[in-house]
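All remarks here apply to the structure that follows.
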Amino acid sequence: MARNVYGLDLGTYEIKVFDKKKDEIWCEKNVIAMKDGKHVFSLGDEAYEMFEKAPENIRVVFPMKSGVIAHFDDMQYLLGNLLGTGRQFAGGAEYVIAVPTDVTEVEKKAFFDLVFHSEARARSVRIVERGLADALGCGIDIMNEKGVFIANFGGGTTELSVLSSGGIVLNRLVKIGGDSFDCAIISQVRHNLEFLIGKMTAERLRKKFGISGQGADRSITVSGRNLVTGVPGQTKIPISLVRAAMKEPVDECARAIRSMIERTPPDVRREIEAAGIYITGGLSEMKGLSSYLRESTGLPVITSPGAKLCAVRGLREIISDKMYYRRLLYSMLDDNYRWLR
């Protein structure tokens, strides 16, 4: 009986999994709700629904932070339980994990150990750089293209990758993501209106108004707490305030993109200038982001359909043709990583 193969893309706020045997992709929120600080109350999507709504004795925990594993035991417990709810991983299966490139080798090994030293009894665990998986998920022939620029806008980080001939030329992890935009909106509302809103409300404002473009509604009435009276209430948040809040983080991302293009070797840069910048990740679908980046960089910007699933779709491509893409994969058990054992 053929062993199954799984592809894992562990994002800051969401886990994406490809199951080869079932040929399906599924997603679950990367969250745990803890009761009294020690008992697991709920996991995944169910736990995320409790965020900012839970009573004082229930704490909502995000095991990932800024694209890397911040709470290893919580992350391992969460992954093991999510995979056991009707999606049990068979013992002896193979795993391919997409990881950020611009992190330390120790942080990469944490992704490897998460599965290799778990109850999954993995036959093998291999790593692929997320930038490569993202490009494959966009439908790009990365083995033959001489210049590709991928910008993955995620919940906690923005990962920038310059690729050429199946390899990574440059890579940078910018610690700005959807969470940064939401915090900026909360701060702007607090400073200008003396009104406190939660992250879920800020996320709704971000998705409704976006960076630029026409707004059907010029303001939205939201619930929160009046900081003058100290009591709950409602207020109108204008579109101009939300967009002003998001200007600084989006400008920082645009500067990072321009800086990386300037450092790119000339031959590779010419290919990128002709093909444009591919943006992926859940945040890439935010209103006006592609046009804003186009104006900031002077290059075409392409948003991939189903952008948040690009990396896991790329894992599917790699798993479906492992011999062709074998040089993209590596194991932390290889001799190059002996010092990490």
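Following the order of the structure tokens, chains are lettered A, B, ..., residues in each are numbered from 1, and ligands are numbered from 1.
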Exercise for the section: Determine which residues of region 60-178 of chain A DSSP labels as strand (DSSP E) from the backbone of this structure, then write them out as a count of residues only. Expected result: 39
Shell of 10 Å around Val189 (chain A), only C-alpha atoms, local chain residues under 5 positions omitted, as an mmCIF file with N, CA and C atoms, in the first residue's frame:
```
data_model
loop_
_atom_site.group_PDB
_atom_site.id
_atom_site.type_symbol
_atom_site.label_atom_id
_atom_site.label_comp_id
_atom_site.auth_asym_id
_atom_site.auth_seq_id
_atom_site.Cartn_x
_atom_site.Cartn_y
_atom_site.Cartn_z
ATOM 1 N N CYS A 183 -3.336 46.845 13.890
ATOM 2 C CA CYS A 183 -2.850 47.603 15.049
ATOM 3 C C CYS A 183 -2.741 49.091 14.716
ATOM 4 N N ALA A 184 -2.349 49.399 13.476
ATOM 5 C CA ALA A 184 -2.250 50.797 13.053
ATOM 6 C C ALA A 184 -3.630 51.453 13.031
ATOM 7 N N GLU A 194 -10.585 59.062 20.299
ATOM 8 C CA GLU A 194 -10.632 58.649 21.707
ATOM 9 C C GLU A 194 -11.655 57.530 21.896
ATOM 10 N N PHE A 195 -11.492 56.526 21.033
ATOM 11 C CA PHE A 195 -12.421 55.390 21.010
ATOM 12 C C PHE A 195 -11.595 54.132 20.804
ATOM 13 N N LEU A 196 -11.857 53.105 21.605
ATOM 14 C CA LEU A 196 -11.073 51.865 21.541
ATOM 15 C C LEU A 196 -11.862 50.769 20.833
ATOM 16 N N ILE A 197 -11.259 50.211 19.766
ATOM 17 C CA ILE A 197 -11.865 49.091 19.048
ATOM 18 C C ILE A 197 -10.956 47.873 19.161
ATOM 19 N N ALA A 202 -11.029 46.097 13.665
ATOM 20 C CA ALA A 202 -10.022 46.707 12.789
ATOM 21 C C ALA A 202 -9.863 45.899 11.504
ATOM 22 N N ILE A 237 -16.570 55.395 11.909
ATOM 23 C CA ILE A 237 -15.157 55.438 11.505
ATOM 24 C C ILE A 237 -15.110 55.829 10.031
ATOM 25 N N PRO A 238 -14.545 56.979 9.686
ATOM 26 C CA PRO A 238 -14.491 57.385 8.283
ATOM 27 C C PRO A 238 -13.418 56.642 7.504
ATOM 28 N N LEU A 241 -9.751 57.944 7.715
ATOM 29 C CA LEU A 241 -8.987 57.607 8.912
ATOM 30 C C LEU A 241 -8.341 56.229 8.782
ATOM 31 N N VAL A 242 -9.100 55.282 8.253
ATOM 32 C CA VAL A 242 -8.588 53.916 8.079
ATOM 33 C C VAL A 242 -7.439 53.905 7.082
ATOM 34 N N ALA A 245 -4.248 55.376 8.428
ATOM 35 C CA ALA A 245 -3.583 54.461 9.354
ATOM 36 C C ALA A 245 -2.738 53.430 8.617
#
```
May I have a table of the residues of region 197-283 of chain A lying at most 7 Å from region 148-164 of chain A, giving each one's closest pair of atoms and their distance in Å to one decimal, counting only C-alpha atoms, ordered by chain and ascending residue number, as a tab-separated table?
```
residue	atom	partner	partner_atom	distance
A:Ile272	CA	A:Val148	CA	5.6
A:Ile277	CA	A:Phe149	CA	5.2
A:Tyr278	CA	A:Ile150	CA	5.0
A:Ile279	CA	A:Ala151	CA	4.7
A:Thr280	CA	A:Asn152	CA	4.6
A:Gly281	CA	A:Phe153	CA	4.8
A:Gly282	CA	A:Gly154	CA	5.7
A:Leu283	CA	A:Phe153	CA	5.1
```
Exercise for the section: Find, counting only C-alpha atoms, the residue in A:Glu56, A:Glu94, A:Glu262, A:Glu203 that gets nearest to Gly37 (chain A). Expected result: A:Glu56
Practice task
Please give the complete set of residues from region 10-159 of chain A that DSSP, run on the backbone, assigns to helix (DSSP H, G or I), formatted as number ranges by chain.
Solution key: A: 44-48, 72-82, 105-116, 130-137
Exercise for the section: Tell me which protein, DNA and RNA residues are within 8 Å of region 308-315 of chain A, counting only C-alpha atoms, leaving out same-chain ones fewer than 2 positions away, and put them as a VMD selection string. Expected result: chain A and resid 7 to 9 16 to 18 25 96 to 98 130 to 138 154 280 to 284 304 306 317 to 319
Restricted to C-alpha atoms, what would the selected residues look like written as a short mmCIF file (atom, residue, chain, number, x, y, z; two decimals), in the first residue's frame?
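Final output, saved to result09.cif:
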```cif
data_model
loop_
_atom_site.label_atom_id
_atom_site.label_comp_id
_atom_site.auth_asym_id
_atom_site.auth_seq_id
_atom_site.Cartn_x
_atom_site.Cartn_y
_atom_site.Cartn_z
CA GLY A 7 2.09 19.30 2.28
CA LEU A 8 2.00 21.76 5.20
CA ASP A 9 2.00 25.54 5.00
CA LYS A 16 -3.06 24.98 5.10
CA VAL A 17 -2.71 21.26 4.33
CA PHE A 18 -2.56 19.27 1.09
CA ILE A 25 -6.55 21.18 0.34
CA VAL A 96 6.75 18.45 2.81
CA ILE A 97 6.73 21.74 4.78
CA ALA A 98 6.95 25.26 3.35
CA ARG A 130 8.02 29.19 0.79
CA GLY A 131 9.01 31.59 -1.99
CA LEU A 132 9.56 28.64 -4.36
CA ALA A 133 6.27 27.00 -3.37
CA ASP A 134 4.46 30.33 -3.81
CA ALA A 135 5.80 30.77 -7.35
CA LEU A 136 4.76 27.25 -8.33
CA GLY A 137 1.30 27.93 -6.92
CA CYS A 138 1.11 30.98 -9.20
CA GLY A 154 0.52 37.25 5.18
CA THR A 280 0.34 36.18 -2.87
CA GLY A 281 -0.96 35.53 0.65
CA GLY A 282 -4.29 36.43 2.21
CA LEU A 283 -3.49 40.14 2.57
CA SER A 284 -2.65 40.48 -1.14
CA SER A 304 -2.75 35.38 -8.19
CA GLY A 306 -6.84 32.26 -4.64
CA GLU A 317 2.88 20.55 -7.52
CA ILE A 318 6.10 19.47 -5.80
CA ILE A 319 4.51 16.38 -4.22
#
```
Handout entry: A:Gln76, A:Tyr330, A:Ile32, A:Val99 ranked by distance to Ser118 (chain A), top pick (using only C-alpha atoms)
Key = A:Gln76
What lies within 8 Å of Met260 (chain A) using only C-alpha atoms, ignoring chain neighbours under 4 positions off, as a JSON list (two decimals) with N, CA and C atoms, in the first residue's frame?
```
[["chain", "number", "residue", "atom", "x", "y", "z"],
["A", 170, "LEU", "N", 17.57, 36.33, -3.79],
["A", 170, "LEU", "CA", 17.46, 37.20, -2.62],
["A", 170, "LEU", "C", 16.18, 36.88, -1.88],
["A", 256, "ALA", "N", 10.65, 48.26, 0.90],
["A", 256, "ALA", "CA", 11.41, 47.00, 0.95],
["A", 256, "ALA", "C", 11.45, 46.33, -0.42],
["A", 264, "THR", "N", 18.97, 43.48, -6.90],
["A", 264, "THR", "CA", 18.89, 42.30, -7.76],
["A", 264, "THR", "C", 19.89, 42.40, -8.91]]
```
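Minimum atom-to-atom distances from A:Ile185, A:Ile176, A:Leu43, A:Ala122 to Met200 (chain A) were compared using only C-alpha atoms, and the lowest value belongs to A:Ile185.
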